[in-house]
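Asker: Pasting work_0.tsv here (TSV, C-alpha atoms and all ligand atoms):
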chain	number	residue	atom	x	y	z
A	1	MET	CA	-85.93	-12.87	266.62
A	2	ALA	CA	-88.59	-10.39	265.48
A	3	ALA	CA	-88.35	-6.94	267.06
A	4	PHE	CA	-90.70	-6.54	269.99
A	5	ASP	CA	-93.86	-4.65	269.02
A	6	PHE	CA	-94.79	-2.75	272.17
A	7	SER	CA	-98.00	-1.18	270.85
A	8	ALA	CA	-99.39	-4.54	269.73
A	9	ARG	CA	-98.50	-6.04	273.10
A	10	LEU	CA	-100.07	-3.11	274.90
A	11	ARG	CA	-103.33	-3.68	273.04
A	12	ALA	CA	-103.27	-7.40	273.87
A	13	VAL	CA	-102.60	-6.83	277.57
A	14	ARG	CA	-105.28	-4.14	277.79
A	15	ALA	CA	-107.75	-6.45	276.10
A	16	TRP	CA	-106.99	-9.25	278.56
A	17	PHE	CA	-107.67	-6.90	281.48
A	18	ASN	CA	-110.71	-5.56	279.69
A	19	ALA	CA	-109.41	-2.08	280.55
A	20	SER	CA	-111.30	0.99	279.41
A	21	ASP	CA	-109.30	4.11	278.48
A	22	GLU	CA	-110.26	5.50	281.85
A	23	ASP	CA	-109.03	2.39	283.69
A	24	TRP	CA	-105.74	2.37	281.84
A	25	ALA	CA	-105.08	6.05	282.59
A	26	ASP	CA	-105.75	5.52	286.32
A	27	TRP	CA	-102.69	4.52	288.36
A	28	ARG	CA	-104.84	3.13	291.16
A	29	TRP	CA	-106.52	0.78	288.70
A	30	HIS	CA	-103.04	-0.50	287.75
A	31	MET	CA	-102.16	-1.00	291.42
A	32	ARG	CA	-105.38	-2.91	292.05
A	33	ARG	CA	-104.89	-5.12	289.01
A	34	ARG	CA	-101.23	-5.98	289.60
A	35	VAL	CA	-100.24	-9.51	288.73
A	36	THR	CA	-99.01	-11.36	291.82
A	37	THR	CA	-99.80	-15.01	291.12
A	38	ILE	CA	-98.28	-17.65	288.87
A	39	GLU	CA	-101.74	-18.42	287.45
A	40	ASP	CA	-102.16	-14.85	286.21
A	41	LEU	CA	-98.57	-14.51	285.07
A	42	SER	CA	-98.83	-17.66	282.97
A	43	ARG	CA	-101.60	-16.03	280.95
A	44	PHE	CA	-99.03	-13.51	279.71
A	45	LEU	CA	-95.79	-15.46	279.59
A	46	PRO	CA	-95.29	-19.05	278.50
A	47	LEU	CA	-94.04	-20.83	281.65
A	48	ASN	CA	-93.26	-24.50	281.96
A	49	SER	CA	-94.08	-26.13	285.29
A	50	GLN	CA	-90.47	-26.07	286.49
A	51	GLU	CA	-90.17	-22.33	285.79
A	52	ALA	CA	-93.51	-21.69	287.43
A	53	ASP	CA	-92.35	-23.57	290.51
A	54	LEU	CA	-89.10	-21.57	290.75
A	55	ILE	CA	-90.90	-18.24	290.23
A	56	ASP	CA	-93.27	-19.22	292.99
A	57	LYS	CA	-90.44	-20.12	295.38
A	58	ALA	CA	-88.37	-17.00	294.59
A	59	GLY	CA	-91.49	-14.84	294.75
A	60	LYS	CA	-92.26	-16.15	298.23
A	61	ARG	CA	-88.76	-15.25	299.41
A	62	PHE	CA	-88.74	-11.74	297.84
A	63	ARG	CA	-92.06	-10.07	297.24
A	64	TRP	CA	-93.18	-9.43	293.68
A	65	ALA	CA	-95.93	-7.59	291.80
A	66	ILE	CA	-96.19	-6.37	288.22
A	67	THR	CA	-98.51	-3.61	287.04
A	68	PRO	CA	-100.49	-4.24	283.84
A	69	TYR	CA	-98.51	-1.39	282.21
A	70	ALA	CA	-95.16	-2.95	283.16
A	71	LEU	CA	-96.40	-6.36	282.05
A	72	ALA	CA	-96.99	-4.94	278.58
A	73	LEU	CA	-93.30	-4.00	278.40
A	74	ILE	CA	-92.27	-7.65	278.64
A	75	ASP	CA	-91.65	-9.55	275.42
A	76	PRO	CA	-93.38	-12.92	275.97
A	77	ASP	CA	-91.34	-14.53	273.18
A	78	ASP	CA	-87.98	-13.66	274.68
A	79	PRO	CA	-86.97	-15.61	277.80
A	80	ALA	CA	-84.03	-13.18	278.16
A	81	CYS	CA	-86.22	-10.05	277.85
A	82	PRO	CA	-84.44	-7.24	279.76
A	83	ILE	CA	-87.70	-6.04	281.31
A	84	ARG	CA	-88.69	-9.53	282.34
A	85	ALA	CA	-85.30	-9.98	284.02
A	86	GLN	CA	-86.00	-6.91	286.17
A	87	LEU	CA	-89.57	-7.82	287.14
A	88	VAL	CA	-90.28	-11.55	287.08
A	89	PRO	CA	-88.85	-13.57	289.99
A	90	SER	CA	-86.25	-16.13	288.95
A	91	GLY	CA	-84.74	-19.29	290.40
A	92	MET	CA	-81.38	-17.49	290.31
A	93	GLU	CA	-82.52	-15.45	293.32
A	94	LEU	CA	-82.54	-18.63	295.40
A	95	ILE	CA	-79.09	-19.86	294.44
A	96	SER	CA	-76.92	-17.02	295.67
A	97	GLU	CA	-75.62	-17.42	299.22
A	98	VAL	CA	-73.21	-14.53	299.34
A	99	GLY	CA	-75.46	-11.46	299.30
A	100	MET	CA	-76.05	-9.46	302.42
A	101	PRO	CA	-79.48	-8.17	303.47
A	102	ASP	CA	-78.09	-4.68	304.16
A	103	PRO	CA	-74.87	-4.22	302.16
A	104	LEU	CA	-74.59	-0.50	302.85
A	105	ASN	CA	-75.01	-0.90	306.56
A	106	GLU	CA	-77.95	1.46	306.38
A	107	LEU	CA	-79.26	0.38	309.74
A	108	GLU	CA	-76.08	1.56	311.41
A	109	HIS	CA	-76.20	4.84	309.52
A	110	SER	CA	-79.72	5.66	310.67
A	111	PRO	CA	-79.78	8.19	313.52
A	112	VAL	CA	-83.58	7.73	313.51
A	113	PRO	CA	-85.47	4.92	311.73
A	114	ASP	CA	-85.52	5.21	307.92
A	115	LEU	CA	-83.27	8.27	307.78
A	116	ILE	CA	-79.88	7.37	306.34
A	117	ARG	CA	-77.01	9.70	307.00
A	118	VAL	CA	-73.65	9.12	305.35
A	119	TYR	CA	-72.76	12.64	304.21
A	120	PRO	CA	-72.26	15.90	306.11
A	121	ASP	CA	-74.85	18.00	304.27
A	122	ARG	CA	-77.53	15.65	302.97
A	123	VAL	CA	-79.61	12.61	303.96
A	124	ALA	CA	-81.78	9.96	302.34
A	125	LEU	CA	-85.21	9.51	303.90
A	126	CYS	CA	-87.25	6.37	303.18
A	127	ILE	CA	-90.92	7.20	303.57
A	128	THR	CA	-92.55	3.94	302.46
A	129	ASP	CA	-91.83	0.27	301.78
A	130	ILE	CA	-94.30	0.07	298.89
A	131	CYS	CA	-93.44	0.13	295.18
A	132	GLN	CA	-95.49	-0.25	292.02
A	133	VAL	CA	-93.33	-3.18	290.98
A	134	TYR	CA	-90.64	-4.99	292.98
A	135	CYS	CA	-87.43	-4.89	290.99
A	136	ARG	CA	-85.49	-8.13	291.28
A	137	HIS	CA	-82.21	-6.20	291.46
A	138	CYS	CA	-83.36	-3.83	294.22
A	139	PHE	CA	-80.61	-3.17	296.77
A	140	ARG	CA	-83.30	-2.48	299.34
A	141	LYS	CA	-84.83	-5.94	299.04
A	142	ARG	CA	-84.60	-6.08	302.79
A	143	ARG	CA	-86.42	-2.79	303.21
A	144	VAL	CA	-89.26	-3.54	300.84
A	145	HIS	CA	-90.26	-6.31	303.23
A	146	GLU	CA	-90.59	-4.03	306.22
A	147	ALA	CA	-93.07	-1.25	306.75
A	148	PRO	CA	-91.49	1.79	308.43
A	149	PRO	CA	-92.54	2.39	312.05
A	150	ALA	CA	-95.57	4.69	312.31
A	151	ASP	CA	-93.70	7.62	313.88
A	152	ALA	CA	-90.63	7.37	311.59
A	153	PHE	CA	-91.51	10.39	309.50
A	154	GLU	CA	-92.16	12.65	312.50
A	155	ARG	CA	-88.86	11.64	314.07
A	156	ALA	CA	-87.04	12.26	310.79
A	157	VAL	CA	-88.54	15.76	310.48
A	158	GLU	CA	-87.45	16.48	314.05
A	159	TYR	CA	-83.92	15.25	313.35
A	160	ILE	CA	-83.58	17.28	310.16
A	161	ALA	CA	-85.00	20.40	311.82
A	162	ALA	CA	-82.44	20.01	314.62
A	163	HIS	CA	-79.48	19.68	312.21
A	164	SER	CA	-79.02	22.96	310.37
A	165	GLU	CA	-76.20	21.55	308.21
A	166	LEU	CA	-78.68	19.35	306.31
A	167	ARG	CA	-79.43	21.32	303.15
A	168	ASP	CA	-80.48	18.52	300.75
A	169	ILE	CA	-83.12	15.89	301.53
A	170	LEU	CA	-83.46	12.91	299.23
A	171	VAL	CA	-86.93	11.42	299.72
A	172	THR	CA	-87.01	7.80	298.66
A	173	GLY	CA	-88.47	4.41	299.60
A	174	GLY	CA	-89.88	2.13	298.45
A	175	ASP	CA	-91.43	4.56	296.04
A	176	PRO	CA	-92.66	7.90	297.44
A	177	LEU	CA	-95.18	8.19	294.58
A	178	MET	CA	-97.17	5.32	296.11
A	179	PHE	CA	-98.76	7.88	298.45
A	180	SER	CA	-101.77	9.87	297.30
A	181	ASP	CA	-100.92	13.35	296.02
A	182	ASP	CA	-102.21	14.91	299.24
A	183	ALA	CA	-100.27	12.60	301.54
A	184	LEU	CA	-97.03	12.96	299.58
A	185	LEU	CA	-97.29	16.72	299.17
A	186	GLU	CA	-98.09	17.09	302.86
A	187	LYS	CA	-94.91	15.20	303.79
A	188	LEU	CA	-92.78	17.16	301.34
A	189	SER	CA	-94.26	20.45	302.59
A	190	ARG	CA	-93.21	19.56	306.12
A	191	LEU	CA	-89.64	19.19	304.88
A	192	ARG	CA	-89.89	22.35	302.74
A	193	ALA	CA	-90.97	24.31	305.81
A	194	ILE	CA	-87.62	23.65	307.54
A	195	PRO	CA	-85.71	26.90	306.92
A	196	HIS	CA	-82.25	25.40	306.25
A	197	VAL	CA	-83.50	22.80	303.75
A	198	GLN	CA	-82.39	24.19	300.40
A	199	ILE	CA	-83.35	21.45	297.96
A	200	LEU	CA	-85.69	18.48	297.96
A	201	ARG	CA	-85.12	15.43	295.79
A	202	VAL	CA	-87.65	12.68	295.14
A	203	GLY	CA	-86.44	9.27	293.91
A	204	THR	CA	-89.07	7.29	292.01
A	205	ARG	CA	-89.48	4.57	289.42
A	206	ALA	CA	-93.07	5.56	288.66
A	207	PRO	CA	-92.35	7.41	285.38
A	208	CYS	CA	-90.79	4.16	284.15
A	209	MET	CA	-93.09	1.47	285.56
A	210	LEU	CA	-96.34	3.38	286.15
A	211	PRO	CA	-96.23	6.58	284.06
A	212	MET	CA	-99.92	7.29	284.63
A	213	ARG	CA	-99.03	8.01	288.27
A	214	VAL	CA	-97.30	11.20	287.15
A	215	THR	CA	-100.41	13.29	286.60
A	216	ASP	CA	-100.29	16.94	285.74
A	217	GLU	CA	-101.85	17.74	289.14
A	218	LEU	CA	-99.04	15.91	290.92
A	219	ALA	CA	-96.41	17.71	288.83
A	220	LYS	CA	-98.06	21.01	289.70
A	221	GLY	CA	-98.07	20.15	293.41
A	222	LEU	CA	-94.39	19.16	293.31
A	223	ALA	CA	-93.46	22.33	291.42
A	224	ALA	CA	-95.00	24.40	294.22
A	225	LEU	CA	-92.18	23.08	296.45
A	226	HIS	CA	-89.26	24.22	294.27
A	227	PRO	CA	-86.32	23.87	294.21
A	228	LEU	CA	-87.33	20.20	293.84
A	229	TYR	CA	-85.55	17.60	291.70
A	230	VAL	CA	-86.80	14.18	290.62
A	231	ASN	CA	-84.48	11.20	290.22
A	232	VAL	CA	-85.83	8.41	288.05
A	233	GLN	CA	-84.57	4.94	287.19
A	234	PHE	CA	-84.58	3.79	283.59
A	235	ASN	CA	-82.35	0.81	282.92
A	236	HIS	CA	-83.13	-0.10	279.31
A	237	PRO	CA	-83.97	2.01	276.24
A	238	ARG	CA	-87.19	0.05	275.73
A	239	GLU	CA	-88.55	1.50	278.98
A	240	LEU	CA	-88.66	4.96	277.36
A	241	THR	CA	-92.06	4.44	275.77
A	242	GLU	CA	-94.25	7.31	274.58
A	243	ASP	CA	-96.12	7.09	277.91
A	244	ALA	CA	-92.93	7.26	279.95
A	245	VAL	CA	-91.55	10.17	277.91
A	246	ALA	CA	-94.87	12.01	278.38
A	247	ALA	CA	-94.68	11.43	282.16
A	248	LEU	CA	-91.16	12.89	282.22
A	249	ALA	CA	-92.37	15.85	280.16
A	250	ARG	CA	-95.14	16.61	282.67
A	251	LEU	CA	-92.45	16.99	285.34
A	252	ILE	CA	-89.84	18.92	283.44
A	253	ASP	CA	-92.42	21.18	281.80
A	254	ARG	CA	-93.07	22.37	285.37
A	255	GLY	CA	-89.39	23.13	285.80
A	256	ILE	CA	-88.54	19.97	287.76
A	257	PRO	CA	-85.00	18.91	286.77
A	258	LEU	CA	-84.75	15.20	286.01
A	259	GLY	CA	-81.77	12.96	286.74
A	260	ASN	CA	-81.61	9.28	285.86
A	261	GLN	CA	-79.98	6.63	288.03
A	262	SER	CA	-79.48	3.35	286.19
A	263	VAL	CA	-78.25	0.12	287.66
A	264	LEU	CA	-75.73	-1.80	285.58
A	265	LEU	CA	-77.35	-5.23	285.26
A	266	LYS	CA	-76.00	-8.36	283.63
A	267	GLY	CA	-78.29	-9.41	280.80
A	268	VAL	CA	-80.18	-6.10	280.88
A	269	ASN	CA	-77.85	-3.25	279.99
A	270	ASP	CA	-74.29	-4.54	280.36
A	271	SER	CA	-73.29	-3.53	276.83
A	272	LEU	CA	-72.13	-0.29	275.30
A	273	PRO	CA	-74.71	-0.13	272.46
A	274	VAL	CA	-77.60	-0.60	274.92
A	275	MET	CA	-76.24	1.99	277.35
A	276	LYS	CA	-75.53	4.43	274.54
A	277	GLU	CA	-79.07	4.12	273.23
A	278	LEU	CA	-80.40	4.52	276.79
A	279	VAL	CA	-78.47	7.72	277.57
A	280	HIS	CA	-79.37	9.25	274.21
A	281	LYS	CA	-83.06	8.49	274.67
A	282	LEU	CA	-82.92	9.93	278.18
A	283	LEU	CA	-81.48	13.20	276.89
A	284	MET	CA	-84.21	13.33	274.24
A	285	ALA	CA	-86.67	13.05	277.13
A	286	ARG	CA	-84.75	15.83	278.94
A	287	ALA	CA	-83.65	13.51	281.76
A	288	ARG	CA	-79.94	13.87	282.47
A	289	PRO	CA	-78.05	10.58	282.96
A	290	TYR	CA	-76.67	11.11	286.47
A	291	TYR	CA	-75.39	7.79	287.82
A	292	ILE	CA	-74.88	4.22	286.64
A	293	PHE	CA	-74.66	2.14	289.80
A	294	HIS	CA	-72.53	-0.95	289.98
A	295	PRO	CA	-75.05	-3.37	291.55
A	296	GLN	CA	-74.81	-4.10	295.26
A	297	LEU	CA	-74.23	-7.62	296.45
A	298	VAL	CA	-77.64	-8.07	298.09
A	299	GLU	CA	-79.30	-11.39	298.87
A	300	GLY	CA	-80.80	-12.85	295.70
A	301	THR	CA	-79.15	-10.45	293.23
A	302	GLU	CA	-75.75	-12.05	292.56
A	303	HIS	CA	-76.77	-13.13	289.06
A	304	PHE	CA	-77.14	-9.48	288.02
A	305	ILE	CA	-73.62	-8.41	288.93
A	306	PRO	CA	-71.14	-8.01	286.05
A	307	PRO	CA	-67.36	-7.69	286.51
A	308	VAL	CA	-66.32	-4.09	287.22
A	309	GLU	CA	-64.32	-4.14	283.93
A	310	VAL	CA	-67.62	-4.20	282.04
A	311	GLY	CA	-68.79	-0.99	283.67
A	312	LEU	CA	-65.41	0.68	283.19
A	313	GLU	CA	-65.44	-0.20	279.49
A	314	ILE	CA	-68.97	1.14	279.07
A	315	HIS	CA	-68.02	4.35	280.85
A	316	ALA	CA	-64.89	4.77	278.72
A	317	GLY	CA	-66.96	4.02	275.63
A	318	LEU	CA	-69.28	6.93	276.40
A	319	GLU	CA	-66.81	9.50	277.71
A	320	GLY	CA	-65.63	11.67	274.82
A	321	TRP	CA	-67.44	9.49	272.28
A	322	THR	CA	-70.76	11.21	272.95
A	323	SER	CA	-72.15	14.43	274.51
A	324	GLY	CA	-70.77	15.09	277.97
A	325	LEU	CA	-74.38	15.55	279.07
A	326	ALA	CA	-75.04	11.91	278.18
A	327	VAL	CA	-72.23	10.51	280.34
A	328	PRO	CA	-73.27	9.46	283.85
A	329	LEU	CA	-70.78	8.82	286.63
A	330	TYR	CA	-70.20	5.10	287.21
A	331	ILE	CA	-70.73	4.64	290.94
A	332	LEU	CA	-70.01	2.03	293.56
A	333	ASP	CA	-72.01	2.75	296.68
A	334	THR	CA	-70.25	1.77	299.91
A	335	PRO	CA	-71.05	2.15	303.61
A	336	PHE	CA	-68.74	5.21	303.46
A	337	GLY	CA	-70.46	6.93	300.56
A	338	LYS	CA	-70.61	6.71	296.79
A	339	VAL	CA	-67.34	6.19	294.95
A	340	PRO	CA	-67.05	7.13	291.25
A	341	LEU	CA	-65.26	4.47	289.20
A	342	ALA	CA	-63.46	5.35	285.98
A	343	GLN	CA	-60.34	4.37	284.11
A	344	SER	CA	-57.75	6.96	285.04
A	345	ARG	CA	-56.96	9.52	282.35
A	346	LEU	CA	-54.00	10.78	284.32
A	347	VAL	CA	-50.93	8.92	282.99
A	348	SER	CA	-48.08	10.50	284.93
A	349	ARG	CA	-46.84	13.57	286.77
A	350	ASP	CA	-43.34	14.99	286.98
A	351	ALA	CA	-41.54	18.21	287.92
A	352	ASP	CA	-42.63	20.14	284.84
A	353	GLY	CA	-46.10	18.88	284.19
A	354	PHE	CA	-48.65	16.11	284.02
A	355	THR	CA	-49.63	13.77	281.22
A	356	VAL	CA	-53.15	12.72	280.31
A	357	ARG	CA	-54.72	10.30	277.85
A	358	ALA	CA	-57.55	11.64	275.64
A	359	PHE	CA	-60.60	9.56	274.76
A	360	LYS	CA	-59.10	8.07	271.57
A	361	GLY	CA	-55.86	7.32	273.33
A	362	GLU	CA	-53.63	10.24	272.33
A	363	VAL	CA	-51.32	11.45	275.06
A	364	TRP	CA	-51.01	15.12	276.01
A	365	LYS	CA	-48.62	16.84	278.38
A	366	GLU	CA	-49.82	19.91	280.26
A	367	PRO	CA	-47.50	22.25	282.20
A	368	ASN	CA	-48.16	22.46	285.94
A	369	PRO	CA	-47.34	25.48	288.12
A	370	LYS	CA	-45.75	24.90	291.53
A	371	ARG	CA	-47.98	25.09	294.61
A	401	LIG	C1	-77.01	8.55	297.44
A	401	LIG	C2	-77.21	9.12	298.74
A	401	LIG	C3	-77.37	10.51	298.91
A	401	LIG	C4	-77.35	11.46	297.75
A	401	LIG	O1	-76.07	11.42	297.16
A	401	LIG	P1	-75.70	12.29	295.88
A	401	LIG	O2	-74.39	11.71	295.47
A	401	LIG	O3	-75.61	13.69	296.34
A	401	LIG	O4	-76.76	12.10	294.85
A	401	LIG	C5	-77.52	10.98	300.19
A	401	LIG	N1	-77.52	10.16	301.26
A	401	LIG	C6	-77.38	8.83	301.12
A	401	LIG	C7	-77.39	7.98	302.34
A	401	LIG	C8	-77.21	8.27	299.86
A	401	LIG	O5	-77.08	6.95	299.74
A	402	LIG	S1	-88.80	0.85	292.56
A	402	LIG	FE1	-86.83	1.23	293.58
A	402	LIG	S2	-87.14	0.71	295.75
A	402	LIG	FE2	-88.84	-0.18	294.58
A	402	LIG	S3	-88.19	-2.28	294.12
A	402	LIG	FE3	-87.59	-1.01	292.36
A	402	LIG	S4	-85.45	-0.41	292.79
A	402	LIG	FE4	-86.37	-1.13	294.75
Could you express the structure from this file as structure tokens?
Ligand SMILES: *Cc1c(COP(=O)(O)O)cnc(C)c1O
Ligand code: SF4
Answerer:
Amino acid sequence: MAAFDFSARLRAVRAWFNASDEDWADWRWHMRRRVTTIEDLSRFLPLNSQEADLIDKAGKRFRWAITPYALALIDPDDPACPIRAQLVPSGMELISEVGMPDPLNELEHSPVPDLIRVYPDRVALCITDICQVYCRHCFRKRRVHEAPPADAFERAVEYIAAHSELRDILVTGGDPLMFSDDALLEKLSRLRAIPHVQILRVGTRAPCMLPMRVTDELAKGLAALHPLYVNVQFNHPRELTEDAVAALARLIDRGIPLGNQSVLLKGVNDSLPVMKELVHKLLMARARPYYIFHPQLVEGTEHFIPPVEVGLEIHAGLEGWTSGLAVPLYILDTPFGKVPLAQSRLVSRDADGFTVRAFKGEVWKEPNPKR
């Protein structure tokens, strides 16, 4: 198959939307022009009537929307396109019976609505149910169907203010960057004003799926709330387009450290060469690979889940073989917190030392003092 030519596709998609330079650079234009119907989608991707029917059914069960920018990332000639798999509803979502709507038991871990507390010193706070695109693998498929109650944010601020041990607030969603700059910065400032809150983190897929959302003004506003970190989600090297890399640069040029959280997805990135290219491109964009999540068993996502051995092999194929900076932790999230998965390097322990296996397999014995 011919290599996908993103810039040619971008021109074609822009032409179809009749988008001026100004339109294309405006994230609200992309939100207004999102593709949400089979009729529109079929103008961009060849769909037979059976596929169209399944997309329609799956899309009615789990909401979908694709921005013009994200649409341009999809290779119309490749039915197995890794971007398409993440964005276009599929009949596979209807087959799985085993997934749970809330695999992490988030509802039970919410002392107030939309605030999730699993750890002693930090919380995740969901401030919206809206995203620029609706990822088919999203483990919050349940949440993206439900708008948060109107007073949820106020109650969360109250809870955090009353718990002085909470030093790290992870603001997530949905996608927090769906708010206007003013609305988002106002919310973040409220959290920043709580004296014991040391760091703020914002989780967003906008740099990947809607890079024009990350304007210089927004980056400047976020940087005024330092120390503030941004966690992004890139799952495939092709998502690191010039536009996406420029969006990341606008953040990190303002001193906002970037971490990437990928999801290991069957048919998207479940191979060592793809993951290696992804982590290297992320480092070039100054985004540190932080986590690779083993996917959660959520309703409608079973077809994305690879065997754990695949993730372990990818992790072992990175560790030692490339820069330590490029090696994310491989994580299984559970109702009791995140658990790093890795093949053990510790071979044995005895009275006079412990034995480890290096990345190429050599064994080394290290002396061990008594406790
Ligand atoms: C992931 C998560 C955090 C942040 O965890 P880190 O491992 O520190 O990145 C905090 N709270 C909840 C509920 C989470 O799921
Ligand atoms: S952007 Fe994040 S929250 Fe929104 S659908 Fe994708 S994975 Fe889910």
Asker: Could you state the separation of CA of Leu265 (chain A) and CA of Val232 (chain A) in Å, given to one decimal place?
Answerer: 16.3 Å
Asker: Using only C-alpha atoms, determine which residues lie at most 8 Å from Ile95 (chain A), disregarding the query and same-chain residues fewer than 3 positions distant; provide the list as a list in words.
Answerer: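 What passes the distance filter is Gly91, Met92 and Gly300 of chain A.
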Asker: Grab the CA of Met209 (chain A) to CA of Lys281 (chain A) distance for me, in Å with one decimal place.
Answerer: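 Interatomic distance here is 16.4 Å.
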Asker: Which residues of chain A come within 8 Å of ligand LIG 402 (chain A), and what is each one's closest atom pair and distance in Å (one decimal), counting all atoms listed in the file, sorted by chain and residue number, as CSV?
Answerer:
residue,atom,partner,partner_atom,distance
A:Asp129,CA,A:LIG402,S2,7.7
A:Ile130,CA,A:LIG402,FE2,7.0
A:Cys131,CA,A:LIG402,FE2,4.6
A:Gln132,CA,A:LIG402,S1,6.8
A:Val133,CA,A:LIG402,S3,6.1
A:Tyr134,CA,A:LIG402,S3,3.8
A:Cys135,CA,A:LIG402,FE3,4.1
A:Arg136,CA,A:LIG402,S3,7.0
A:His137,CA,A:LIG402,S4,6.8
A:Cys138,CA,A:LIG402,FE4,4.1
A:Phe139,CA,A:LIG402,FE4,6.4
A:Arg140,CA,A:LIG402,FE4,5.7
A:Lys141,CA,A:LIG402,FE4,6.6
A:Val144,CA,A:LIG402,S3,6.9
A:Thr172,CA,A:LIG402,S2,7.7
A:Gly173,CA,A:LIG402,S2,5.5
A:Gly174,CA,A:LIG402,S2,4.1
A:Asp175,CA,A:LIG402,FE2,5.6
A:Thr204,CA,A:LIG402,S1,6.5
A:Arg205,CA,A:LIG402,S1,4.9
A:Ala206,CA,A:LIG402,S1,7.5
A:Gln233,CA,A:LIG402,FE1,7.7
Asker: Store the residues picked out above, limited to C-alpha atoms, as a compact mmCIF listing (two decimals), in the frame of the given file.
Answerer:
# COMPACT_ATOMS: atom_id res chain seq x y z
CA ASP A 129 -91.83 0.27 301.78
CA ILE A 130 -94.30 0.07 298.89
CA CYS A 131 -93.44 0.13 295.18
CA GLN A 132 -95.49 -0.25 292.02
CA VAL A 133 -93.33 -3.18 290.98
CA TYR A 134 -90.64 -4.99 292.98
CA CYS A 135 -87.43 -4.89 290.99
CA ARG A 136 -85.49 -8.13 291.28
CA HIS A 137 -82.21 -6.20 291.46
CA CYS A 138 -83.36 -3.83 294.22
CA PHE A 139 -80.61 -3.17 296.77
CA ARG A 140 -83.30 -2.48 299.34
CA LYS A 141 -84.83 -5.94 299.04
CA VAL A 144 -89.26 -3.54 300.84
CA THR A 172 -87.01 7.80 298.66
CA GLY A 173 -88.47 4.41 299.60
CA GLY A 174 -89.88 2.13 298.45
CA ASP A 175 -91.43 4.56 296.04
CA THR A 204 -89.07 7.29 292.01
CA ARG A 205 -89.48 4.57 289.42
CA ALA A 206 -93.07 5.56 288.66
CA GLN A 233 -84.57 4.94 287.19
Asker: Pick the closest to ligand LIG 401 (chain A) from A:Pro306, A:Pro89, A:Pro273, A:Pro340: which is it, counting all atoms listed in the file?
Answerer: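 Of all the options, A:Pro340 lies closest to ligand LIG 401 (chain A).
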Asker: Nearest to ligand LIG 401 (chain A) among A:Lys338, A:Arg238, A:His280, A:Arg84, with distances taken over only C-alpha atoms and all ligand atoms: which residue is it?
Answerer: A:Lys338
Asker: Name the residues, by chain letter and number, that sit within 6 Å of ligand LIG 401 (chain A) using all atoms listed in the file, and give them as a short mmCIF file (atom, residue, chain, number, x, y, z; two decimals) with C-alpha atoms, in the frame of the given file.
Answerer:
data_model
loop_
_atom_site.label_atom_id
_atom_site.label_comp_id
_atom_site.auth_asym_id
_atom_site.auth_seq_id
_atom_site.Cartn_x
_atom_site.Cartn_y
_atom_site.Cartn_z
CA ILE A 116 -79.88 7.37 306.34
CA ARG A 117 -77.01 9.70 307.00
CA VAL A 118 -73.65 9.12 305.35
CA ARG A 122 -77.53 15.65 302.97
CA VAL A 123 -79.61 12.61 303.96
CA ALA A 124 -81.78 9.96 302.34
#
Asker: Could you state the separation of CA of Asp75 (chain A) and CA of Leu54 (chain A) in Å, given to one decimal place?
Answerer: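 If I compute the distance from CA of Asp75 (chain A) to CA of Leu54 (chain A), I get 19.6 Å.
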Asker: I want to know what sits within 10 Å of region 344-350 of chain A, based on only C-alpha atoms, with residues of the same chain fewer than 3 positions away left out; could you give that as a list in words?
Answerer: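 Here the answer would be Ala316, Leu341, Gly353, Phe354, Thr355, Val356, Arg357, Ala358, Phe359, Gly361, Val363, Trp364, Lys365, Glu366, Pro367 and Asn368 of chain A.
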Asker: Tell me which of A:Pro328, A:Gly337, A:Pro46, A:Gly267 sits closest to Ile305 (chain A), counting only C-alpha atoms.
Answerer: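 For Ile305 (chain A), the nearest of the candidates is A:Gly267.
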Asker: Identify which of the residues A:Glu277, A:Arg155, A:His163, A:Tyr330 lies closest to Tyr290 (chain A), counting only C-alpha atoms when measuring atom-to-atom distances.
Answerer: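 Selected residue with least distance to Tyr290 (chain A): A:Tyr330.
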Asker: As number ranges by chain, please: the residues near Thr67 (chain A) (cut-off 8 Å, all atoms listed in the file, same-chain neighbours under 3 positions excluded).
Answerer: A: 30-31, 33-35, 70-71, 132-133, 209-210
Asker: Please determine, counting all atoms listed in the file, which residue among A:Leu272, A:Ala52, A:Ile66, A:Ile314 has the shortest atom-to-atom distance to Ser90 (chain A).
Answerer: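 Of all the options, A:Ala52 lies closest to Ser90 (chain A).
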